[in-house]
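Structure data follow from start38.cif (mmCIF, C-alpha atoms and all ligand atoms):
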data_final
loop_
_atom_site.group_PDB
_atom_site.id
_atom_site.type_symbol
_atom_site.label_atom_id
_atom_site.label_comp_id
_atom_site.auth_asym_id
_atom_site.auth_seq_id
_atom_site.Cartn_x
_atom_site.Cartn_y
_atom_site.Cartn_z
ATOM 1 C CA MET A 1 -7.922 5.280 50.119
ATOM 2 C CA THR A 2 -5.623 2.633 48.701
ATOM 3 C CA GLU A 3 -7.903 -0.098 49.952
ATOM 4 C CA ASN A 4 -10.928 1.516 48.329
ATOM 5 C CA LYS A 5 -9.087 1.842 45.064
ATOM 6 C CA ASP A 6 -8.023 -1.812 45.123
ATOM 7 C CA GLN A 7 -11.554 -2.831 45.927
ATOM 8 C CA GLN A 8 -12.909 -0.765 43.046
ATOM 9 C CA GLU A 9 -10.391 -2.301 40.637
ATOM 10 C CA HIS A 10 -11.320 -5.768 41.734
ATOM 11 C CA GLN A 11 -15.016 -4.941 41.367
ATOM 12 C CA GLU A 12 -14.579 -3.665 37.827
ATOM 13 C CA VAL A 13 -12.652 -6.741 36.741
ATOM 14 C CA SER A 14 -15.385 -8.986 38.126
ATOM 15 C CA LEU A 15 -18.069 -6.801 36.541
ATOM 16 C CA TYR A 16 -16.240 -7.039 33.207
ATOM 17 C CA GLU A 17 -16.276 -10.821 33.406
ATOM 18 C CA LYS A 18 -19.939 -10.982 34.388
ATOM 19 C CA LEU A 19 -20.989 -8.613 31.627
ATOM 20 C CA ALA A 20 -18.908 -10.339 28.944
ATOM 21 C CA ALA A 21 -20.160 -13.799 29.910
ATOM 22 C CA ARG A 22 -23.816 -12.752 30.025
ATOM 23 C CA THR A 23 -23.519 -10.837 26.741
ATOM 24 C CA ALA A 24 -22.031 -13.923 25.088
ATOM 25 C CA ASP A 25 -24.922 -16.061 26.410
ATOM 26 C CA LEU A 26 -27.504 -13.612 25.086
ATOM 27 C CA LEU A 27 -25.833 -13.437 21.674
ATOM 28 C CA GLU A 28 -25.755 -17.228 21.444
ATOM 29 C CA GLU A 29 -29.376 -17.537 22.513
ATOM 30 C CA GLY A 30 -30.799 -15.487 19.697
ATOM 31 C CA LYS A 31 -30.620 -12.904 17.008
ATOM 32 C CA LYS A 32 -29.830 -9.994 19.277
ATOM 33 C CA SER A 33 -27.214 -7.517 18.140
ATOM 34 C CA LEU A 34 -24.205 -6.793 20.306
ATOM 35 C CA ASP A 35 -25.754 -3.528 21.496
ATOM 36 C CA GLU A 36 -29.009 -5.244 22.486
ATOM 37 C CA ALA A 37 -27.272 -8.124 24.226
ATOM 38 C CA LEU A 38 -24.971 -5.796 26.128
ATOM 39 C CA LYS A 39 -27.872 -3.564 27.152
ATOM 40 C CA LYS A 40 -29.870 -6.523 28.438
ATOM 41 C CA ALA A 41 -26.853 -7.933 30.306
ATOM 42 C CA LYS A 42 -26.344 -4.520 31.913
ATOM 43 C CA GLU A 43 -29.983 -4.320 32.991
ATOM 44 C CA GLU A 44 -29.867 -7.784 34.537
ATOM 45 C CA ILE A 45 -26.678 -7.093 36.460
ATOM 46 C CA ALA A 46 -27.872 -3.630 37.521
ATOM 47 C CA LYS A 47 -30.839 -5.230 39.277
ATOM 48 C CA ALA A 48 -28.485 -6.865 41.774
ATOM 49 C CA GLY A 49 -27.452 -3.347 42.823
ATOM 50 C CA GLU A 50 -23.832 -4.331 43.352
ATOM 51 C CA PHE A 51 -22.384 -1.773 40.950
ATOM 52 C CA SER A 52 -22.913 1.958 40.354
ATOM 53 C CA SER A 53 -24.361 3.015 37.019
ATOM 54 C CA GLU A 54 -21.114 4.882 36.359
ATOM 55 C CA GLN A 55 -19.187 1.620 36.741
ATOM 56 C CA MET A 56 -21.689 -0.205 34.556
ATOM 57 C CA ASP A 57 -21.289 2.344 31.756
ATOM 58 C CA ARG A 58 -17.518 2.414 31.952
ATOM 59 C CA VAL A 59 -17.063 -1.341 32.065
ATOM 60 C CA SER A 60 -19.620 -2.066 29.346
ATOM 61 C CA ALA A 61 -17.652 0.292 27.077
ATOM 62 C CA TYR A 62 -14.550 -1.835 27.750
ATOM 63 C CA VAL A 63 -16.430 -5.031 26.892
ATOM 64 C CA LYS A 64 -17.802 -3.494 23.696
ATOM 65 C CA ARG A 65 -14.365 -2.294 22.651
ATOM 66 C CA ASP A 66 -12.866 -5.756 23.139
ATOM 67 C CA VAL A 67 -15.671 -7.516 21.254
ATOM 68 C CA ALA A 68 -15.296 -5.106 18.330
ATOM 69 C CA ASP A 69 -11.539 -5.546 18.368
ATOM 70 C CA ASN A 70 -11.953 -9.327 18.250
ATOM 71 C CA ALA A 71 -14.581 -9.112 15.526
ATOM 72 C CA GLU A 72 -12.328 -6.954 13.389
ATOM 73 C CA LYS A 73 -9.468 -9.427 13.671
ATOM 74 C CA ALA A 74 -11.765 -12.415 13.098
ATOM 75 C CA THR A 75 -13.126 -10.703 9.974
ATOM 76 C CA GLU A 76 -9.613 -10.424 8.558
ATOM 77 C CA ALA A 77 -9.024 -14.135 9.208
ATOM 78 C CA VAL A 78 -12.346 -15.075 7.584
ATOM 79 C CA LYS A 79 -11.595 -12.938 4.524
ATOM 80 C CA LYS A 80 -8.307 -14.732 4.060
ATOM 81 C CA ALA A 81 -10.029 -18.100 4.417
ATOM 82 C CA VAL A 82 -12.560 -17.202 1.699
ATOM 83 C CA ASP A 83 -9.803 -16.355 -0.776
ATOM 84 C CA PRO A 84 -10.822 -18.557 -3.790
ATOM 85 C CA GLN A 85 -7.287 -19.747 -4.328
ATOM 86 C CA ARG A 86 -7.270 -21.268 -0.891
ATOM 87 C CA VAL A 87 -10.587 -23.100 -1.203
ATOM 88 C CA ALA A 88 -10.947 -26.257 -3.330
ATOM 89 C CA ALA A 89 -13.204 -25.667 -6.357
ATOM 90 C CA GLY A 90 -15.902 -28.188 -5.384
ATOM 91 C CA ALA A 91 -16.308 -26.924 -1.853
ATOM 92 C CA GLN A 92 -16.039 -23.289 -2.784
ATOM 93 C CA SER A 93 -19.647 -22.201 -3.147
ATOM 94 C CA MET A 94 -20.864 -23.733 0.110
ATOM 95 C CA MET A 95 -17.812 -22.634 2.094
ATOM 96 C CA ALA A 96 -17.957 -19.187 0.610
ATOM 97 C CA ARG A 97 -21.623 -18.835 1.570
ATOM 98 C CA ILE A 98 -21.055 -19.907 5.157
ATOM 99 C CA LEU A 99 -17.955 -17.808 5.628
ATOM 100 C CA ASN A 100 -19.397 -14.795 3.869
ATOM 101 C CA SER A 101 -22.486 -14.702 6.038
ATOM 102 C CA ALA A 102 -20.320 -14.994 9.134
ATOM 103 C CA ALA A 103 -18.025 -12.298 7.771
ATOM 104 C CA ASP A 104 -20.969 -9.961 7.192
ATOM 105 C CA ALA A 105 -22.172 -10.397 10.759
ATOM 106 C CA LEU A 106 -18.694 -9.897 12.100
ATOM 107 C CA SER A 107 -17.870 -6.825 10.078
ATOM 108 C CA ASP A 108 -21.229 -5.326 11.036
ATOM 109 C CA LEU A 109 -20.283 -5.865 14.655
ATOM 110 C CA ALA A 110 -16.845 -4.370 14.168
ATOM 111 C CA GLU A 111 -18.251 -1.285 12.441
ATOM 112 C CA LYS A 112 -20.719 -0.573 15.209
ATOM 113 C CA ALA A 113 -18.050 0.170 17.753
ATOM 114 C CA GLU A 114 -15.379 2.818 17.483
ATOM 115 C CA LYS A 115 -13.205 2.522 14.422
ATOM 116 C CA GLN A 116 -10.028 3.151 16.302
ATOM 117 C CA VAL A 117 -9.672 0.591 19.010
ATOM 118 C CA GLU A 118 -7.444 1.939 21.739
ATOM 119 C CA PHE A 119 -6.134 0.358 24.887
ATOM 120 C CA LYS A 120 -4.950 2.634 27.672
ATOM 121 C CA THR A 121 -3.440 2.251 31.109
ATOM 122 C CA GLY A 122 -6.154 2.110 33.760
ATOM 123 C CA GLU A 123 -8.755 0.423 31.556
ATOM 124 C CA VAL A 124 -9.963 -3.125 32.089
ATOM 125 C CA THR A 125 -9.502 -5.606 29.245
ATOM 126 C CA SER A 126 -9.599 -9.343 28.571
ATOM 127 C CA ALA A 127 -6.535 -11.594 28.300
ATOM 128 C CA GLY A 128 -4.163 -10.874 25.425
ATOM 129 C CA THR A 129 -0.891 -9.269 24.453
ATOM 130 C CA LEU A 130 -0.551 -5.511 24.694
ATOM 131 C CA THR A 131 2.170 -3.818 22.670
ATOM 132 C CA CYS A 132 3.334 -0.364 23.740
ATOM 133 C CA LYS A 133 2.762 2.162 20.942
ATOM 134 C CA GLU A 134 5.774 4.122 22.134
ATOM 135 C CA CYS A 135 8.572 1.563 22.562
ATOM 136 C CA GLY A 136 7.107 -1.709 21.264
ATOM 137 C CA ALA A 137 7.524 -3.599 24.532
ATOM 138 C CA GLU A 138 4.992 -6.414 24.997
ATOM 139 C CA MET A 139 2.968 -7.222 28.085
ATOM 140 C CA HIS A 140 1.142 -10.522 28.292
ATOM 141 C CA MET A 141 -2.125 -10.445 30.228
ATOM 142 C CA LYS A 142 -3.199 -13.950 31.152
ATOM 143 C CA THR A 143 -6.576 -12.979 32.606
ATOM 144 C CA THR A 144 -8.972 -10.043 32.519
ATOM 145 C CA GLY A 145 -7.436 -7.142 34.400
ATOM 146 C CA ARG A 146 -6.521 -3.503 34.664
ATOM 147 C CA ILE A 147 -3.944 -2.325 32.101
ATOM 148 C CA PRO A 148 -0.747 -1.138 33.844
ATOM 149 C CA PRO A 149 1.679 1.451 32.401
ATOM 150 C CA CYS A 150 4.307 0.075 29.980
ATOM 151 C CA SER A 151 6.818 -1.851 32.067
ATOM 152 C CA LYS A 152 9.677 -0.413 30.035
ATOM 153 C CA CYS A 153 8.905 3.242 29.239
ATOM 154 C CA LYS A 154 5.843 3.889 31.480
ATOM 155 C CA LYS A 155 3.747 5.170 28.573
ATOM 156 C CA THR A 156 0.041 4.431 28.498
ATOM 157 C CA GLN A 157 -1.146 3.507 24.973
ATOM 158 C CA PHE A 158 -1.191 0.024 23.510
ATOM 159 C CA ARG A 159 -2.236 -2.154 20.601
ATOM 160 C CA LYS A 160 -3.660 -5.548 21.378
ATOM 161 C CA SER A 161 -3.273 -9.024 19.880
ATOM 162 C CA TYR A 162 -4.546 -12.417 20.989
HETATM 163 ZN ZN ZN A 201 6.793 1.313 26.293
#
So that I can check it, write out the structure of this file as structure tokens.
Amino acid sequence: MTENKDQQEHQEVSLYEKLAARTADLLEEGKKSLDEALKKAKEEIAKAGEFSSEQMDRVSAYVKRDVADNAEKATEAVKKAVDPQRVAAGAQSMMARILNSAADALSDLAEKAEKQVEFKTGEVTSAGTLTCKECGAEMHMKTTGRIPPCSKCKKTQFRKSY
């Protein structure tokens, strides 16, 4: 049983990485939305028959959550950068146009996924810092992996930063 569980965990981490990488490629290639790119990546990977459709659905939800979480944070950073006081007058209109169009795309992406981005023990997520909602302890994940319980209080809900 333990071996099967380990194997399944390993599989889901590798599926996460495959899905995220392929989704990124598809988004860069064209005008596809996140949903379209993720759906196409899923279809391509499903053809190989290596993963169950249950795994595909679960892991693609993790990827989508992480992309939305990143987009939300990126949007905040872009909004700050567009603050007129921080942009020289001459460069303002061009910079503002570029950053605003990026911000629109990003906020659209962020809104499409769940508003409340949650990270729980047992889920797979990309590298980053998870902060326990209960006790504030931080866990640093260097690579994509399964989220363990809080190392301090054993609770299971986290916020994430990068
Ligand atoms: Zn804790």
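For ligand ZN 201 (chain A), the neighbouring protein, DNA and RNA residues, which are those within 9 Å when all atoms listed in the file are counted, are Thr131, Cys132, Lys133, Glu134, Cys135, Gly136, Ala137, Glu138, Pro149, Cys150, Ser151, Lys152, Cys153, Lys154, Lys155, Thr156, Gln157 and Phe158 of chain A.
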Find the smallest box with edges along x, y and z containing every listed atom of segment 46-53 of chain A, then add 8 Å on each side and report centre and edge lengths in Å to one decimal, as AutoDock Vina command-line options.
--center_x -26.6 --center_y -1.9 --center_z 40.2 --size_x 24.5 --size_y 25.9 --size_z 22.3
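Using only C-alpha atoms, the shortest contact distance between Asp6 of chain A and any of A:His140, A:Arg65, A:Arg146, A:Lys120 is found at A:Arg146.
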Ref. answer, residues at most 10 Å from (-20.1, -9.2, 36.9) with only C-alpha atoms, as a ChimeraX atom specification: /A:11-22,41-42,45-46,48,50-51,56,59
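Computed from the coordinates, the atom CA of Glu123 of chain A to atom CA of Tyr62 of chain A distance equals 7.3 Å.
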